[in-house]
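What follows is the content of my_file11.cif, which has mmCIF, C-alpha atoms:
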```
data_upload
#
loop_
_atom_site.label_atom_id
_atom_site.label_comp_id
_atom_site.auth_asym_id
_atom_site.auth_seq_id
_atom_site.Cartn_x
_atom_site.Cartn_y
_atom_site.Cartn_z
CA MET W 1 38.43 -19.39 183.59
CA GLN W 2 41.56 -18.93 185.70
CA PRO W 3 43.05 -22.19 187.07
CA SER W 4 43.51 -22.70 190.79
CA CYS W 5 46.83 -23.54 192.39
CA PRO W 6 46.99 -27.28 193.14
CA GLN W 7 49.16 -26.56 196.20
CA CYS W 8 47.16 -23.91 198.10
CA GLY W 9 43.88 -23.82 196.17
CA HIS W 10 43.84 -20.09 195.42
CA ASP W 11 43.15 -18.74 191.94
CA TYR W 12 45.52 -15.80 192.27
CA VAL W 13 47.86 -17.24 189.64
CA ARG W 14 49.82 -15.79 186.73
CA TRP W 15 50.89 -17.10 183.33
CA VAL W 16 54.66 -17.60 183.19
CA HIS W 17 57.18 -18.27 180.45
CA ARG W 18 57.36 -21.77 179.04
CA GLU W 19 60.55 -23.63 179.92
CA GLY W 20 61.96 -26.34 177.70
CA PRO W 21 60.60 -28.39 174.83
CA PHE W 22 57.98 -30.22 176.91
CA GLU W 23 56.17 -26.99 177.81
CA GLN W 24 56.47 -25.78 174.22
CA LEU W 25 54.80 -28.98 173.04
CA ALA W 26 52.22 -28.99 175.85
CA SER W 27 51.08 -25.50 174.84
CA ALA W 28 49.94 -26.94 171.50
CA PHE W 29 47.45 -28.92 173.61
CA LYS W 30 46.43 -25.81 175.60
CA ILE W 31 48.46 -26.78 178.69
CA PHE W 32 50.36 -23.75 179.95
CA PRO W 33 52.64 -22.95 182.92
CA PHE W 34 51.39 -20.80 185.81
CA ARG W 35 52.80 -19.58 189.11
CA CYS W 36 50.70 -19.04 192.22
CA GLN W 37 51.15 -15.48 193.44
CA LEU W 38 50.65 -16.51 197.08
CA CYS W 39 52.55 -19.75 197.66
CA THR W 40 54.84 -19.41 194.57
CA TYR W 41 54.09 -22.97 193.39
CA ARG W 42 54.74 -23.40 189.64
CA PHE W 43 52.34 -25.73 187.83
CA ARG W 44 50.82 -26.46 184.43
CA ALA W 45 47.11 -26.32 183.66
CA PHE W 46 44.74 -26.61 180.75
CA GLN W 47 43.63 -23.19 179.56
CA TRP W 48 41.11 -22.91 176.75
CA ARG W 49 42.46 -19.85 175.03
CA SER W 50 43.35 -19.21 171.42
CA GLY W 51 47.13 -19.05 171.28
CA TYR W 52 49.83 -18.33 173.81
CA SER W 53 50.86 -14.72 173.59
CA GLN W 54 54.06 -13.35 175.08
CA ASP W 55 52.03 -10.17 175.59
CA LEU W 56 50.13 -11.92 178.39
CA ILE W 57 53.17 -12.01 180.65
CA ASP W 58 56.25 -9.99 181.41
CA ARG W 59 59.59 -11.38 182.55
CA ARG W 60 58.56 -11.53 186.20
CA GLU W 61 56.81 -14.61 187.45
CA ASN W 62 55.28 -12.71 190.36
CA GLU W 63 53.01 -9.69 190.05
CA ARG W 64 54.37 -6.64 191.88
CA LEU W 65 51.92 -4.77 194.09
CA PRO W 66 52.41 -1.08 194.97
CA CYS W 67 53.05 -0.43 198.67
CA ASN W 68 54.97 1.69 201.18
CA ILE W 69 56.75 -0.60 203.63
CA ALA W 70 59.53 0.39 206.00
CA VAL W 71 62.56 -1.85 205.61
CA ALA W 72 65.89 -2.25 207.34
CA PHE W 73 68.53 -3.89 205.18
CA SER W 74 72.11 -4.94 205.64
CA LEU W 75 75.15 -6.03 203.70
CA ASP W 76 78.00 -7.56 205.68
CA ASN W 77 77.96 -5.53 208.92
CA GLU W 78 76.52 -2.30 207.54
CA ARG W 79 72.83 -1.49 208.11
CA TRP W 80 70.55 1.00 206.38
CA GLU W 81 66.87 1.85 206.09
CA GLY W 82 64.65 2.35 203.09
CA LEU W 83 61.15 2.01 201.72
CA VAL W 84 59.75 -0.86 199.68
CA THR W 85 57.59 0.70 196.95
CA ASP W 86 56.31 -2.52 195.35
CA ILE W 87 56.39 -6.11 196.50
CA ALA W 88 55.67 -9.66 195.34
CA MET W 89 56.47 -13.11 196.64
CA GLY W 90 59.62 -13.14 194.50
CA GLY W 91 61.05 -9.69 195.10
CA CYS W 92 60.55 -5.99 195.59
CA ALA W 93 61.66 -2.51 194.64
CA LEU W 94 63.62 -0.75 197.39
CA LYS W 95 63.78 3.03 197.47
CA THR W 96 67.04 4.19 199.04
CA ASP W 97 69.96 6.52 198.45
CA VAL W 98 72.40 3.75 199.38
CA ARG W 99 74.28 2.34 196.39
CA VAL W 100 75.34 -1.28 196.51
CA PRO W 101 76.81 -3.23 193.58
CA LEU W 102 74.62 -5.25 191.24
CA GLY W 103 74.58 -8.86 192.43
CA SER W 104 75.01 -7.95 196.11
CA ARG W 105 73.20 -10.16 198.59
CA LEU W 106 71.27 -8.26 201.24
CA THR W 107 69.32 -9.25 204.33
CA LEU W 108 65.96 -7.49 204.68
CA LYS W 109 63.64 -6.90 207.61
CA LEU W 110 60.22 -5.82 206.32
CA GLN W 111 57.72 -4.28 208.74
CA LEU W 112 54.59 -5.73 207.10
CA PHE W 113 52.30 -5.84 210.13
CA SER W 114 52.48 -3.15 212.81
CA SER W 115 51.51 -5.63 215.54
CA GLU W 116 54.17 -8.22 214.61
CA SER W 117 57.93 -8.46 214.35
CA PRO W 118 59.45 -7.73 210.94
CA VAL W 119 59.51 -10.42 208.25
CA THR W 120 63.10 -11.44 207.52
CA ILE W 121 64.30 -12.17 204.00
CA GLU W 122 67.61 -13.96 204.61
CA VAL W 123 69.01 -13.31 201.13
CA ALA W 124 67.77 -10.81 198.54
CA MET W 125 69.93 -10.27 195.46
CA VAL W 126 70.25 -6.86 193.80
CA ARG W 127 69.04 -7.48 190.23
CA SER W 128 68.66 -3.90 188.96
CA LEU W 129 69.82 -0.42 189.90
CA ARG W 130 67.98 2.83 189.24
CA PRO W 131 68.52 6.32 190.61
CA ASN W 132 67.43 6.16 194.28
CA SER W 133 66.14 2.57 194.07
CA MET W 134 67.05 -1.03 193.35
CA GLY W 135 65.19 -4.13 192.24
CA LEU W 136 65.64 -7.13 194.52
CA GLN W 137 64.94 -10.83 194.00
CA PHE W 138 64.23 -12.88 197.12
CA MET W 139 66.64 -15.80 197.07
CA ARG W 140 66.23 -17.36 200.53
CA ILE W 141 63.41 -17.03 203.04
CA LYS W 142 62.42 -19.40 205.85
CA PRO W 143 59.06 -21.17 205.38
CA THR W 144 57.51 -19.39 208.37
CA GLU W 145 58.59 -16.01 207.01
CA LYS W 146 57.37 -16.93 203.52
CA ASP W 147 53.98 -17.79 205.02
CA ARG W 148 53.83 -14.37 206.72
CA LEU W 149 54.74 -12.67 203.43
CA SER W 150 52.01 -14.70 201.66
CA ARG W 151 49.49 -13.55 204.27
CA PHE W 152 50.48 -9.93 203.61
CA VAL W 153 50.23 -10.28 199.80
CA ALA W 154 46.87 -12.05 200.16
CA ARG W 155 45.57 -9.20 202.30
CA MET W 156 46.75 -6.67 199.70
CA VAL W 157 44.78 -8.38 196.93
CA GLY W 158 41.75 -9.18 199.10
CA VAL W 159 42.20 -12.96 199.27
CA SER W 160 41.83 -14.92 202.48
CA TRP W 161 44.96 -16.80 203.47
CA GLY W 162 44.82 -19.62 205.97
CA GLY W 163 48.46 -20.60 205.75
CA SER W 164 50.34 -23.22 203.82
CA PRO W 165 48.33 -26.40 203.35
CA ALA W 166 49.81 -29.86 203.82
CA LYS W 167 48.90 -30.68 200.21
CA ASN W 168 51.96 -31.37 198.02
CA SER W 169 54.34 -30.56 200.86
#
```

Starting from the file, give its structure as structure tokens.
Amino acid sequence: MQPSCPQCGHDYVRWVHREGPFEQLASAFKIFPFRCQLCTYRFRAFQWRSGYSQDLIDRRENERLPCNIAVAFSLDNERWEGLVTDIAMGGCALKTDVRVPLGSRLTLKLQLFSSESPVTIEVAMVRSLRPNSMGLQFMRIKPTEKDRLSRFVARMVGVSWGGSPAKNS
């Protein structure tokens, strides 16, 4: 049985890597770390499962979902356009012919909902470069924009999203 996020109550959670000796020890008692894929809250929960396999998770703590989202992005005073081909609460893959250095910090404007203004990611760091695309990690996003992104991800996976609860805030 999949645990539910103690912050938002959804069960759209993912196993994540154990950090530190406490989580290593806790896993001996079947207590493992998880990350909510909607509100990004990291928590530990009891999981009755035989063994903790690194095969259950990849390096990402957020599951990427395939999509086609128009994006405007900028670095310093230069602006370009591209297409987000997969997205998660923690980052995305951006298809573009523009080459920026690894480690660059971009600002993104994602057109997630046609009837609303774009969602702004204040800082997204370039973590990987591939021919015609780059992998981005979202570093800074305002709470209201994060909530809009959560609503979009929830819609993509067919989960209802009523916004960020007051619980644990």

Q) At what distance in Å, to one decimal, does atom CA of W:Leu110 lie from atom CA of W:His17? A)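 Separating atom CA of W:His17 from atom CA of W:Leu110 is a distance of 28.9 Å.
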
(Q) For W:Ser114, find every residue with an atom within 12 Å (counting only C-alpha atoms), except residues of its own chain fewer than 3 positions away, and show them as a PyMOL selection string. (A) chain W and resi 69-70+110-111+117-119+152

**Q.** Option closest in space to W:Leu149, from W:Val123, W:Glu63, W:Cys39, W:Asn132 [counting all atoms listed in the file]
**A.**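 When distances to W:Leu149 are compared using all atoms listed in the file, the smallest one comes from W:Cys39.
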
Q) Where does the PyMOL selection byres ((chain W and resi 30) around 6) land in this file, that is, which residues does it pick, as a ChimeraX atom specification? A) /W:27-29,31,46-47

Q: Identify the residues around (47.7, -23.1, 188.0) within a radius of 7 Å, measuring from all atoms listed in the file in the coordinates stated by the file, and give them as number ranges by chain.
A: W: 3-6, 13, 34-36, 43-45
